[in-house]
>>> print(open('upload.csv').read())   # CSV, C-alpha atoms and all ligand atoms
chain,number,residue,atom,x,y,z
I,1108,MET,CA,18.8,199.8,105.5
I,1109,LYS,CA,17.9,196.2,104.6
I,1110,SER,CA,15.0,197.3,102.5
I,1111,VAL,CA,17.0,199.8,100.5
I,1112,ASN,CA,19.7,197.2,99.9
I,1113,THR,CA,17.1,194.7,98.7
I,1114,ILE,CA,15.7,197.3,96.2
I,1115,VAL,CA,19.2,198.2,95.0
I,1116,ILE,CA,20.2,194.5,94.4
I,1117,PHE,CA,16.8,194.0,92.6
I,1118,LEU,CA,17.5,197.0,90.3
I,1119,ILE,CA,21.1,196.0,89.6
I,1120,THR,CA,19.9,192.5,88.7
I,1121,PHE,CA,17.6,193.9,86.1
I,1122,GLY,CA,20.2,196.1,84.6
I,1123,TYR,CA,19.4,199.4,86.1
I,1124,GLU,CA,22.1,201.9,87.1
I,1125,VAL,CA,21.8,202.7,90.8
I,1126,ILE,CA,23.1,206.1,91.9
I,1127,TYR,CA,23.5,206.6,95.6
I,1128,ASN,CA,22.6,210.0,97.0
I,1129,ASP,CA,25.6,211.2,98.9
I,1130,ALA,CA,24.9,215.0,98.7
I,1131,PRO,CA,21.8,217.0,99.6
I,1132,VAL,CA,19.0,217.4,97.1
I,1133,LEU,CA,16.3,220.1,96.7
I,1134,TRP,CA,13.5,219.9,99.3
I,1135,GLN,CA,15.1,216.9,100.9
I,1136,THR,CA,13.4,215.7,104.1
I,1137,GLY,CA,15.0,212.3,104.5
I,1138,PHE,CA,18.5,211.0,105.0
I,1139,GLN,CA,21.2,210.7,102.4
I,1140,ASP,CA,22.1,207.2,101.5
I,1141,PRO,CA,24.3,205.5,104.1
I,1142,ALA,CA,27.9,204.4,103.2
I,1143,THR,CA,29.1,203.2,106.7
I,1144,PRO,CA,27.6,200.8,109.2
I,1145,VAL,CA,27.3,203.7,111.6
I,1146,MET,CA,25.0,205.6,109.3
I,1147,GLU,CA,23.0,202.5,108.6
I,1148,GLY,CA,22.5,202.1,112.3
I,1149,ILE,CA,21.5,205.7,112.7
I,1150,ILE,CA,18.9,205.5,110.0
I,1151,ASN,CA,17.5,202.2,111.4
I,1152,LEU,CA,17.3,203.7,114.8
I,1153,HIS,CA,15.4,206.7,113.5
I,1154,HIS,CA,13.0,204.5,111.7
I,1155,ASP,CA,12.4,202.4,114.8
I,1156,PHE,CA,11.7,205.5,116.8
I,1157,ILE,CA,9.3,206.8,114.2
I,1158,PHE,CA,7.2,203.7,114.9
I,1159,PHE,CA,6.7,204.8,118.5
I,1160,PHE,CA,6.3,208.4,117.5
I,1161,ILE,CA,3.4,207.6,115.2
I,1162,LEU,CA,1.7,205.5,118.0
I,1163,ILE,CA,2.0,208.3,120.4
I,1164,PHE,CA,0.9,210.9,117.9
I,1165,VAL,CA,-2.3,209.0,117.0
I,1166,PHE,CA,-3.1,208.2,120.6
I,1167,VAL,CA,-2.7,211.8,121.8
I,1168,LEU,CA,-4.6,213.2,118.8
I,1169,TRP,CA,-7.5,210.7,119.6
I,1170,ILE,CA,-7.6,211.8,123.2
I,1171,LEU,CA,-7.5,215.4,122.3
I,1172,LEU,CA,-10.3,215.2,119.7
I,1173,ARG,CA,-12.5,213.2,122.1
I,1174,ALA,CA,-11.9,215.7,124.9
I,1175,ILE,CA,-12.8,218.6,122.6
I,1176,TYR,CA,-15.9,216.8,121.2
I,1177,PHE,CA,-17.4,215.3,124.3
I,1178,PHE,CA,-16.3,217.6,127.1
I,1179,ASN,CA,-17.1,221.2,126.1
I,1180,SER,CA,-19.3,223.8,127.8
I,1181,ARG,CA,-22.1,223.3,125.4
I,1182,VAL,CA,-22.6,219.6,126.4
I,1183,ASN,CA,-21.5,220.0,130.1
I,1184,LYS,CA,-23.4,222.9,131.6
I,1185,VAL,CA,-21.9,222.3,135.1
I,1186,ALA,CA,-18.1,222.1,135.5
I,1187,ILE,CA,-16.6,219.1,137.3
I,1188,ASN,CA,-15.0,220.3,140.5
I,1189,TYR,CA,-12.2,217.8,141.0
I,1190,SER,CA,-8.8,218.1,139.5
I,1191,HIS,CA,-6.9,215.0,140.6
I,1192,GLY,CA,-6.9,211.3,139.8
I,1193,THR,CA,-4.2,209.0,141.2
I,1194,LEU,CA,-4.8,206.1,138.9
I,1195,ILE,CA,-4.7,208.1,135.7
I,1196,GLU,CA,-1.5,209.9,136.9
I,1197,LEU,CA,0.2,206.5,137.6
I,1198,ILE,CA,-0.8,205.3,134.1
I,1199,TRP,CA,0.4,208.4,132.3
I,1200,THR,CA,3.7,208.3,134.2
I,1201,ILE,CA,4.5,204.6,134.0
I,1202,ILE,CA,3.7,204.1,130.3
I,1203,PRO,CA,5.9,206.9,129.0
I,1204,ILE,CA,8.7,205.5,131.3
I,1205,MET,CA,8.3,202.1,129.7
I,1206,ILE,CA,8.4,203.6,126.2
I,1207,LEU,CA,11.5,205.7,127.0
I,1208,MET,CA,13.3,202.6,128.5
I,1209,THR,CA,12.3,200.6,125.4
I,1210,ILE,CA,13.8,203.0,122.9
I,1211,ALA,CA,16.8,203.6,125.1
I,1212,VAL,CA,18.0,200.1,124.6
I,1213,PRO,CA,18.8,200.3,120.9
I,1214,SER,CA,19.9,203.9,121.3
I,1215,PHE,CA,22.7,203.0,123.8
I,1216,ALA,CA,23.6,199.9,121.8
I,1217,LEU,CA,24.2,202.2,118.8
I,1218,LEU,CA,26.0,204.8,120.8
I,1219,TYR,CA,28.5,202.4,122.2
I,1220,SER,CA,29.1,200.7,118.9
I,1221,ILE,CA,29.9,204.1,117.3
I,1222,ASP,CA,32.5,204.7,120.1
I,1223,GLU,CA,34.1,201.3,119.6
I,1224,ILE,CA,37.5,201.8,118.0
I,1225,ILE,CA,38.8,199.0,115.9
I,1226,ASN,CA,42.6,199.0,115.2
I,1227,PRO,CA,42.8,201.4,112.2
I,1228,ALA,CA,45.0,201.0,109.2
I,1229,VAL,CA,45.0,204.7,108.2
I,1230,THR,CA,45.0,207.9,110.2
I,1231,VAL,CA,43.8,211.2,108.7
I,1232,LYS,CA,44.0,214.4,110.6
I,1233,ALA,CA,41.4,217.1,109.8
I,1234,VAL,CA,42.3,220.6,111.1
I,1235,GLY,CA,39.7,223.4,111.0
I,1236,HIS,CA,40.8,226.9,110.1
I,1237,GLN,CA,39.0,230.2,109.6
I,1238,TRP,CA,37.9,229.3,106.9
I,1239,TYR,CA,39.1,226.1,105.3
I,1240,TRP,CA,40.0,222.6,106.3
I,1241,SER,CA,43.6,221.3,106.2
I,1242,TYR,CA,44.4,217.6,106.1
I,1243,GLU,CA,47.5,215.6,107.2
I,1244,TYR,CA,48.4,212.1,106.2
I,1245,SER,CA,51.3,211.6,108.5
I,1246,ASP,CA,51.5,207.8,108.3
I,1247,TYR,CA,53.7,208.2,105.2
I,1248,ILE,CA,57.0,210.0,105.0
I,1249,GLY,CA,59.0,210.2,101.8
I,1250,GLU,CA,62.7,209.4,101.5
I,1251,ASN,CA,63.7,213.0,101.9
I,1252,GLY,CA,61.2,213.7,104.7
I,1253,GLU,CA,58.3,214.7,102.5
I,1254,ILE,CA,55.0,214.7,104.2
I,1255,ILE,CA,51.4,214.8,102.9
I,1256,ASN,CA,49.8,217.9,104.1
I,1257,PHE,CA,47.3,220.1,102.1
I,1258,ASP,CA,44.5,222.7,102.4
I,1259,SER,CA,41.0,222.1,101.2
I,1260,TYR,CA,39.2,225.3,100.1
I,1261,ILE,CA,35.7,225.7,98.7
I,1262,ILE,CA,35.3,226.2,94.9
I,1263,PRO,CA,33.7,229.6,94.5
I,1264,GLU,CA,30.4,229.7,92.6
I,1265,GLU,CA,31.9,231.4,89.5
I,1266,ASP,CA,34.5,228.6,89.1
I,1267,LEU,CA,32.0,225.7,89.3
I,1268,GLU,CA,31.8,223.3,86.3
I,1269,ILE,CA,28.6,221.6,85.1
I,1270,GLY,CA,27.5,219.0,87.6
I,1271,GLN,CA,29.4,220.3,90.5
I,1272,PHE,CA,27.6,221.2,93.7
I,1273,ARG,CA,27.3,224.8,94.8
I,1274,LEU,CA,28.8,225.4,98.3
I,1275,LEU,CA,29.9,221.8,98.6
I,1276,GLU,CA,32.8,221.4,96.2
I,1277,VAL,CA,36.4,221.8,97.3
I,1278,ASP,CA,39.7,222.1,95.4
I,1279,ASN,CA,41.5,219.2,97.3
I,1280,ARG,CA,39.4,216.2,98.3
I,1281,ILE,CA,40.5,213.8,100.9
I,1282,ILE,CA,41.0,210.3,99.6
I,1283,VAL,CA,40.4,207.3,101.8
I,1284,PRO,CA,40.3,203.5,101.0
I,1285,VAL,CA,37.0,201.6,101.1
I,1286,ASN,CA,36.5,198.6,103.4
I,1287,THR,CA,39.3,199.8,105.7
I,1288,HIS,CA,39.2,201.1,109.2
I,1289,VAL,CA,40.1,204.8,109.1
I,1290,ARG,CA,40.8,206.9,112.1
I,1291,VAL,CA,40.0,210.6,111.7
I,1292,ILE,CA,41.6,213.0,114.2
I,1293,VAL,CA,39.7,216.2,114.3
I,1294,THR,CA,41.1,219.4,115.8
I,1295,SER,CA,41.3,223.1,115.1
I,1296,ALA,CA,43.9,225.8,114.7
I,1297,ASP,CA,41.6,228.7,115.8
I,1298,VAL,CA,38.0,228.5,116.9
I,1299,ILE,CA,35.7,225.5,117.3
I,1300,HIS,CA,34.7,223.8,114.0
I,1301,SER,CA,32.9,220.6,113.3
I,1302,TRP,CA,33.8,218.0,110.8
I,1303,ALA,CA,30.6,216.4,109.5
I,1304,VAL,CA,29.6,214.1,106.6
I,1305,PRO,CA,26.0,212.9,106.6
I,1306,SER,CA,26.4,209.8,104.4
I,1307,LEU,CA,29.2,208.6,106.6
I,1308,GLY,CA,27.3,209.2,109.8
I,1309,VAL,CA,30.0,211.4,111.4
I,1310,LYS,CA,29.9,214.8,113.1
I,1311,CYS,CA,32.8,215.6,115.3
I,1312,ASP,CA,33.8,219.0,116.8
I,1313,GLY,CA,37.3,220.3,116.1
I,1314,ILE,CA,38.5,222.0,119.2
I,1315,PRO,CA,41.8,224.0,119.5
I,1316,GLY,CA,44.2,222.2,121.8
I,1317,ARG,CA,42.3,219.0,121.8
I,1318,LEU,CA,42.3,215.9,119.4
I,1319,ASN,CA,39.0,214.2,118.8
I,1320,GLN,CA,38.9,210.7,117.2
I,1321,ILE,CA,36.2,209.2,115.1
I,1322,SER,CA,36.4,206.1,113.0
I,1323,LEU,CA,35.2,205.5,109.5
I,1324,PHE,CA,34.5,202.2,107.7
I,1325,ILE,CA,33.2,203.1,104.2
I,1326,LYS,CA,31.5,200.2,102.5
I,1327,ARG,CA,31.3,201.6,98.9
I,1328,GLU,CA,33.3,203.8,96.6
I,1329,GLY,CA,31.9,207.3,96.2
I,1330,VAL,CA,32.2,211.0,96.8
I,1331,TYR,CA,30.7,212.1,100.1
I,1332,TYR,CA,29.9,215.7,100.9
I,1333,GLY,CA,29.7,217.5,104.2
I,1334,GLN,CA,29.9,220.9,105.8
I,1335,CYS,CA,31.4,222.5,108.8
I,1336,SER,CA,28.7,222.1,111.5
I,1337,GLU,CA,29.8,224.5,114.3
I,1338,LEU,CA,29.3,228.2,113.8
I,1339,CYS,CA,32.8,229.4,113.4
I,1340,GLY,CA,32.6,232.9,111.9
I,1341,VAL,CA,31.5,234.8,108.8
I,1342,ASN,CA,32.5,232.1,106.4
I,1343,HIS,CA,31.2,229.2,108.4
I,1344,GLY,CA,28.9,228.2,105.5
I,1345,PHE,CA,31.8,228.2,103.0
I,1346,ILE,CA,34.1,225.4,104.3
I,1347,PRO,CA,32.7,222.2,102.8
I,1348,ILE,CA,34.2,218.7,103.3
I,1349,VAL,CA,34.6,216.2,100.4
I,1350,VAL,CA,35.6,212.6,101.1
I,1351,GLU,CA,36.4,210.4,98.1
I,1352,ALA,CA,36.4,206.7,98.9
I,1353,VAL,CA,38.4,204.6,96.5
I,1354,PRO,CA,39.8,201.0,96.3
I,1355,LEU,CA,42.9,200.3,98.4
I,1356,ASP,CA,45.2,200.1,95.3
I,1357,ASN,CA,44.1,203.5,94.1
I,1358,TYR,CA,44.6,204.9,97.5
I,1359,ILE,CA,48.2,203.6,97.6
I,1360,ASP,CA,48.8,205.1,94.1
I,1361,TRP,CA,47.4,208.4,95.3
I,1362,ILE,CA,49.6,208.4,98.4
I,1363,GLN,CA,52.7,207.7,96.2
I,1364,LYS,CA,51.8,210.5,93.8
I,1365,LYS,CA,51.3,212.9,96.7
I,1366,LEU,CA,54.6,212.0,98.3
I,1367,TYR,CA,56.7,212.2,95.2
I,1368,ALA,CA,54.9,214.7,93.0
P,768,MET,CA,56.0,202.1,100.6
P,769,GLU,CA,55.5,199.9,103.7
P,770,SER,CA,52.1,198.2,104.0
P,771,LEU,CA,49.4,200.4,105.5
P,772,SER,CA,49.9,200.9,109.2
P,773,THR,CA,49.2,203.6,111.7
P,774,ALA,CA,49.3,204.2,115.4
P,775,PRO,CA,47.4,201.3,117.0
P,776,ARG,CA,44.4,201.5,119.3
P,777,ASP,CA,45.7,202.2,122.8
P,778,GLU,CA,43.8,200.8,125.7
P,779,ARG,CA,44.9,203.7,127.9
P,780,PHE,CA,42.9,206.1,125.7
P,781,PRO,CA,39.6,204.5,124.9
P,782,HIS,CA,37.7,207.7,124.5
P,783,THR,CA,37.0,210.2,121.7
P,784,ASN,CA,39.6,212.5,123.3
P,785,GLN,CA,43.0,211.5,122.0
P,786,THR,CA,45.0,214.6,123.1
P,787,ARG,CA,46.8,212.6,125.8
P,788,ASN,CA,47.5,209.7,123.4
P,789,CYS,CA,49.4,212.1,121.1
P,790,TRP,CA,51.3,213.6,124.0
P,791,VAL,CA,52.3,210.3,125.5
P,792,ARG,CA,53.5,209.0,122.2
P,793,TYR,CA,55.5,212.1,121.6
P,794,VAL,CA,57.2,212.0,125.0
P,795,GLU,CA,57.9,208.2,124.6
P,796,TRP,CA,59.4,208.9,121.2
P,797,LYS,CA,61.7,211.6,122.5
P,798,LEU,CA,62.8,209.8,125.6
P,799,CYS,CA,63.5,206.7,123.5
P,800,GLU,CA,65.7,208.8,121.2
P,801,GLU,CA,67.6,210.3,124.1
P,802,LYS,CA,68.2,206.9,125.5
P,803,HIS,CA,68.9,204.8,122.4
P,804,GLY,CA,69.6,207.3,119.6
P,805,GLU,CA,67.5,208.3,116.6
P,806,GLU,CA,68.4,205.3,114.5
P,807,GLU,CA,66.9,202.7,117.0
P,808,SER,CA,64.0,201.0,115.2
P,809,GLU,CA,61.8,201.1,118.3
P,810,CYS,CA,62.3,204.8,118.5
P,811,LYS,CA,61.4,205.2,114.8
P,812,LYS,CA,58.2,203.2,115.5
P,813,PHE,CA,57.3,205.5,118.3
P,814,GLY,CA,58.1,208.4,116.0
P,815,ARG,CA,55.7,207.1,113.4
P,816,TRP,CA,52.9,206.7,115.9
P,817,ALA,CA,53.4,210.1,117.4
P,818,ARG,CA,53.4,211.7,114.0
P,819,ALA,CA,50.3,209.8,113.1
P,820,LEU,CA,48.4,211.2,116.0
P,821,CYS,CA,49.8,214.7,116.6
P,822,PRO,CA,49.2,217.6,114.3
P,823,VAL,CA,52.4,218.8,112.5
P,824,ASP,CA,52.2,222.2,114.2
P,825,TRP,CA,52.1,220.6,117.7
P,826,ILE,CA,55.2,218.5,117.0
P,827,GLU,CA,57.0,221.5,115.6
P,828,ARG,CA,56.1,223.6,118.7
P,829,TRP,CA,57.3,220.9,121.1
P,830,ASP,CA,60.5,220.3,119.2
P,831,GLU,CA,61.2,224.1,119.4
P,832,GLN,CA,60.5,224.1,123.1
P,833,ARG,CA,62.8,221.1,123.6
P,834,ALA,CA,65.5,223.0,121.8
P,835,ASN,CA,64.9,226.1,123.9
P,836,GLY,CA,64.7,224.1,127.2
P,837,THR,CA,61.1,225.3,127.8
P,838,PHE,CA,59.4,221.9,127.1
P,839,PRO,CA,56.8,221.3,129.8
P,840,GLY,CA,57.1,217.5,129.7
P,841,PRO,CA,59.7,215.0,130.9
P,842,SER,CA,63.0,214.8,129.1
P,843,GLY,CA,66.3,213.0,129.6
P,844,GLU,CA,68.2,215.7,131.3
P,845,SER,CA,65.6,216.5,134.0
P,846,SER,CA,64.4,213.0,134.9
I,1401,CU,CU,33.9,226.0,110.8
>>> encode(input="upload.csv", output="structure tokens")
Amino acid sequence: MKSVNTIVIFLITFGYEVIYNDAPVLWQTGFQDPATPVMEGIINLHHDFIFFFILIFVFVLWILLRAIYFFNSRVNKVAINYSHGTLIELIWTIIPIMILMTIAVPSFALLYSIDEIINPAVTVKAVGHQWYWSYEYSDYIGENGEIINFDSYIIPEEDLEIGQFRLLEVDNRIIVPVNTHVRVIVTSADVIHSWAVPSLGVKCDGIPGRLNQISLFIKREGVYYGQCSELCGVNHGFIPIVVEAVPLDNYIDWIQKKLYA
Amino acid sequence: MESLSTAPRDERFPHTNQTRNCWVRYVEWKLCEEKHGEEESECKKFGRWARALCPVDWIERWDEQRANGTFPGPSGESS
């Protein structure tokens, strides 16, 4: 995302307000703006792949049009009676192999970097239910054994306020600190769900009886929207995910308030 | 509040699947308590790590099973 960052810095320098796109927009065909190194990597990988896709698309289209134009029954009254050519088959086997191997290199590099777990400072547990998410912040225990544990339900359409997103807003957001390694443990209490936030570049199945781990490193403050991404029943489309990334001090304040409220 | 800390990365569980990590931390915690008592600081540390990784429901269920003698894992009396 070098180019986007350059544009953003340019705009800020000249006094423009920059608003990142962390929720879907109408008729969107591209990505939401990245907020984690992982999502930056995914977008860059996509753009690198598109370079090869365009080359292949243009080449195949050219071959196809040439074949249609030059080799039709009008021009060639007598059909050619051979159907095999060793050289051309070698060429059209080996070149695709080379292309696939070339694009596999950055793909694996990204895959393994996503799996890399750096010692986290915060653990958040996300538990899928039919049909809401519940979150646990079990790193903190109050003096009388209080724990932070809450449910996150969708805000129904009739309760939305101006500026809120339909089908994406929840009553209790999860708060995480920016520039901090956060571990998210995803699981489920009933059927399979999937905890996904596009701007953060994460999508992780929540499976009953199993704990899946993903890591977040959010680079800027913001409110990030996501949805359950594994068909989990009739209200599958109505259990959104909202992650609010705040400075570390605000996070600690929030934890204090939650513990002793 | 203590400074931000949570269960550290564990070389034994380098994968996405952390189910065993939670289980092992829970068992370590309870064995430690049986051996050294609940007030031991090492045991409290294991407890923090286990609670960080394991869902509240799981810990409640295992605690119940330990109380009933139906816990499937190792415990002080059996080992
Ligand atoms: Cu779901």
>>> atom_distance(input="upload.csv", atom1="atom CA of P:Gly840", atom2="atom CA of I:Val1231")
25.6 Å
>>> atom_distance(input="upload.csv", atom1="atom CA of I:Glu1276", atom2="atom CA of I:Asp1312")
20.8 Å
>>> residues_around(input="upload.csv", residues="I:Pro1347", least_positions_apart="4", cutoff="7 Å", atoms="only C-alpha atoms", output="PyMOL selection string")
chain I and resi 1261+1274-1277+1333-1335
>>> closest_residue(input="upload.csv", among="I:Trp1169, I:Tyr1331, I:Phe1164, I:Tyr1247", to="chain P", atoms="all atoms listed in the file")
I:Tyr1247
>>> closest_atom_pairs(input="upload.csv", of="chain I", to="chain P", cutoff="8 Å", atoms="only C-alpha atoms", output="CSV")
residue,atom,partner,partner_atom,distance
I:Asp1222,CA,P:Thr783,CA,7.3
I:Ile1224,CA,P:Arg776,CA,7.0
I:Ile1225,CA,P:Arg776,CA,7.0
I:Asn1226,CA,P:Arg776,CA,5.1
I:Pro1227,CA,P:Pro775,CA,6.6
I:Ala1228,CA,P:Ser772,CA,4.9
I:Val1229,CA,P:Thr773,CA,5.6
I:Thr1230,CA,P:Thr773,CA,6.2
I:Val1231,CA,P:Ala819,CA,8.0
I:Lys1232,CA,P:Pro822,CA,7.1
I:Glu1243,CA,P:Pro822,CA,7.6
I:Tyr1244,CA,P:Ala819,CA,7.5
I:Ser1245,CA,P:Ala819,CA,5.0
I:Asp1246,CA,P:Ala819,CA,5.3
I:Tyr1247,CA,P:Met768,CA,8.0
I:Ile1292,CA,P:Leu820,CA,7.3
I:Gly1316,CA,P:Thr786,CA,7.8
I:Arg1317,CA,P:Thr786,CA,5.3
I:Leu1318,CA,P:Thr786,CA,4.8
I:Asn1319,CA,P:Asn784,CA,4.8
I:Gln1320,CA,P:Thr783,CA,4.9
I:Ile1321,CA,P:Thr783,CA,6.7
I:Gln1363,CA,P:Met768,CA,7.8
>>> residues_near_ligand(input="upload.csv", ligand="ligand CU 1401 (chain I)", cutoff="9 Å", atoms="all atoms listed in the file", output="PDB file with C-alpha atoms, in the frame of the given file")
ATOM      1  CA  GLY I1235      39.700 223.400 111.000  1.00  0.00           C
ATOM      2  CA  HIS I1236      40.800 226.900 110.100  1.00  0.00           C
ATOM      3  CA  GLN I1237      39.000 230.200 109.600  1.00  0.00           C
ATOM      4  CA  TRP I1238      37.900 229.300 106.900  1.00  0.00           C
ATOM      5  CA  TYR I1239      39.100 226.100 105.300  1.00  0.00           C
ATOM      6  CA  TRP I1240      40.000 222.600 106.300  1.00  0.00           C
ATOM      7  CA  VAL I1298      38.000 228.500 116.900  1.00  0.00           C
ATOM      8  CA  ILE I1299      35.700 225.500 117.300  1.00  0.00           C
ATOM      9  CA  HIS I1300      34.700 223.800 114.000  1.00  0.00           C
ATOM     10  CA  SER I1301      32.900 220.600 113.300  1.00  0.00           C
ATOM     11  CA  TRP I1302      33.800 218.000 110.800  1.00  0.00           C
ATOM     12  CA  GLY I1313      37.300 220.300 116.100  1.00  0.00           C
ATOM     13  CA  GLN I1334      29.900 220.900 105.800  1.00  0.00           C
ATOM     14  CA  CYS I1335      31.400 222.500 108.800  1.00  0.00           C
ATOM     15  CA  SER I1336      28.700 222.100 111.500  1.00  0.00           C
ATOM     16  CA  GLU I1337      29.800 224.500 114.300  1.00  0.00           C
ATOM     17  CA  LEU I1338      29.300 228.200 113.800  1.00  0.00           C
ATOM     18  CA  CYS I1339      32.800 229.400 113.400  1.00  0.00           C
ATOM     19  CA  GLY I1340      32.600 232.900 111.900  1.00  0.00           C
ATOM     20  CA  ASN I1342      32.500 232.100 106.400  1.00  0.00           C
ATOM     21  CA  HIS I1343      31.200 229.200 108.400  1.00  0.00           C
ATOM     22  CA  GLY I1344      28.900 228.200 105.500  1.00  0.00           C
ATOM     23  CA  PHE I1345      31.800 228.200 103.000  1.00  0.00           C
ATOM     24  CA  ILE I1346      34.100 225.400 104.300  1.00  0.00           C
ATOM     25  CA  PRO I1347      32.700 222.200 102.800  1.00  0.00           C
TER      26      PRO I1347
END
>>> residues_around(input="upload.csv", residues="P:Ser842", least_positions_apart="4", cutoff="12 Å", atoms="all atoms listed in the file", output="ChimeraX atom specification")
/P:793-802,829-830,832-834,836-838,846
>>> residues_around(input="upload.csv", residues="stretch 1123-1137 of chain I", least_positions_apart="3", cutoff="12 Å", atoms="all atoms listed in the file", output="ChimeraX atom specification")
/I:1111-1112,1114-1120,1140-1143,1146,1150,1153-1154,1271-1276,1304-1308,1327-1334,1347-1352
>>> atom_distance(input="upload.csv", atom1="atom CA of I:Ile1206", atom2="atom CA of I:Val1167")
14.5 Å
>>> closest_residue(input="upload.csv", among="P:Pro841, P:Lys811, P:Glu831, P:Gly804", to="P:Trp790", atoms="all atoms listed in the file")
P:Pro841
>>> closest_residue(input="upload.csv", among="I:Phe1121, I:Tyr1242, I:Phe1160, I:Phe1324", to="I:Ser1295", atoms="all atoms listed in the file")
I:Tyr1242
>>> residues_around(input="upload.csv", residues="I:Pro1284", least_positions_apart="5", cutoff="8 Å", atoms="only C-alpha atoms", output="list in words")
Ile1325, Ala1352, Val1353, Pro1354, Leu1355, Asn1357 and Tyr1358 of chain I
>>> decode(input="upload.csv", residues="stretch 1350-1355 of chain I", atoms="all heavy atoms", output="tab-separated table (two decimals), in the first residue's frame")
chain	number	residue	atom	x	y	z
I	1350	VAL	N	-14.74	-3.75	15.73
I	1350	VAL	CA	-13.50	-3.63	16.49
I	1350	VAL	C	-13.12	-2.16	16.53
I	1350	VAL	O	-13.01	-1.52	15.49
I	1350	VAL	CB	-12.35	-4.43	15.82
I	1350	VAL	CG1	-11.06	-4.26	16.62
I	1350	VAL	CG2	-12.72	-5.88	15.69
I	1351	GLU	N	-12.95	-1.62	17.73
I	1351	GLU	CA	-12.54	-0.23	17.86
I	1351	GLU	C	-11.10	-0.20	18.37
I	1351	GLU	O	-10.80	-0.73	19.43
I	1351	GLU	CB	-13.48	0.50	18.82
I	1351	GLU	CG	-13.24	1.99	18.87
I	1351	GLU	CD	-14.28	2.73	19.71
I	1351	GLU	OE1	-15.38	2.16	19.93
I	1351	GLU	OE2	-13.99	3.85	20.14
I	1352	ALA	N	-10.22	0.38	17.57
I	1352	ALA	CA	-8.81	0.46	17.96
I	1352	ALA	C	-8.53	1.84	18.54
I	1352	ALA	O	-8.81	2.85	17.91
I	1352	ALA	CB	-7.90	0.20	16.76
I	1353	VAL	N	-8.00	1.86	19.76
I	1353	VAL	CA	-7.77	3.11	20.49
I	1353	VAL	C	-6.34	3.14	21.01
I	1353	VAL	O	-5.68	2.10	21.08
I	1353	VAL	CB	-8.76	3.24	21.69
I	1353	VAL	CG1	-10.21	3.22	21.21
I	1353	VAL	CG2	-8.53	2.13	22.71
I	1354	PRO	N	-5.83	4.32	21.41
I	1354	PRO	CA	-4.50	4.38	22.02
I	1354	PRO	C	-4.45	3.56	23.30
I	1354	PRO	O	-5.48	3.36	23.96
I	1354	PRO	CB	-4.30	5.87	22.33
I	1354	PRO	CG	-5.25	6.58	21.46
I	1354	PRO	CD	-6.42	5.67	21.26
I	1355	LEU	N	-3.25	3.12	23.66
I	1355	LEU	CA	-3.08	2.21	24.79
I	1355	LEU	C	-3.69	2.76	26.09
I	1355	LEU	O	-4.36	2.04	26.83
I	1355	LEU	CB	-1.59	1.93	24.98
I	1355	LEU	CG	-1.22	0.78	25.90
I	1355	LEU	CD1	-1.83	-0.51	25.42
I	1355	LEU	CD2	0.28	0.65	26.02
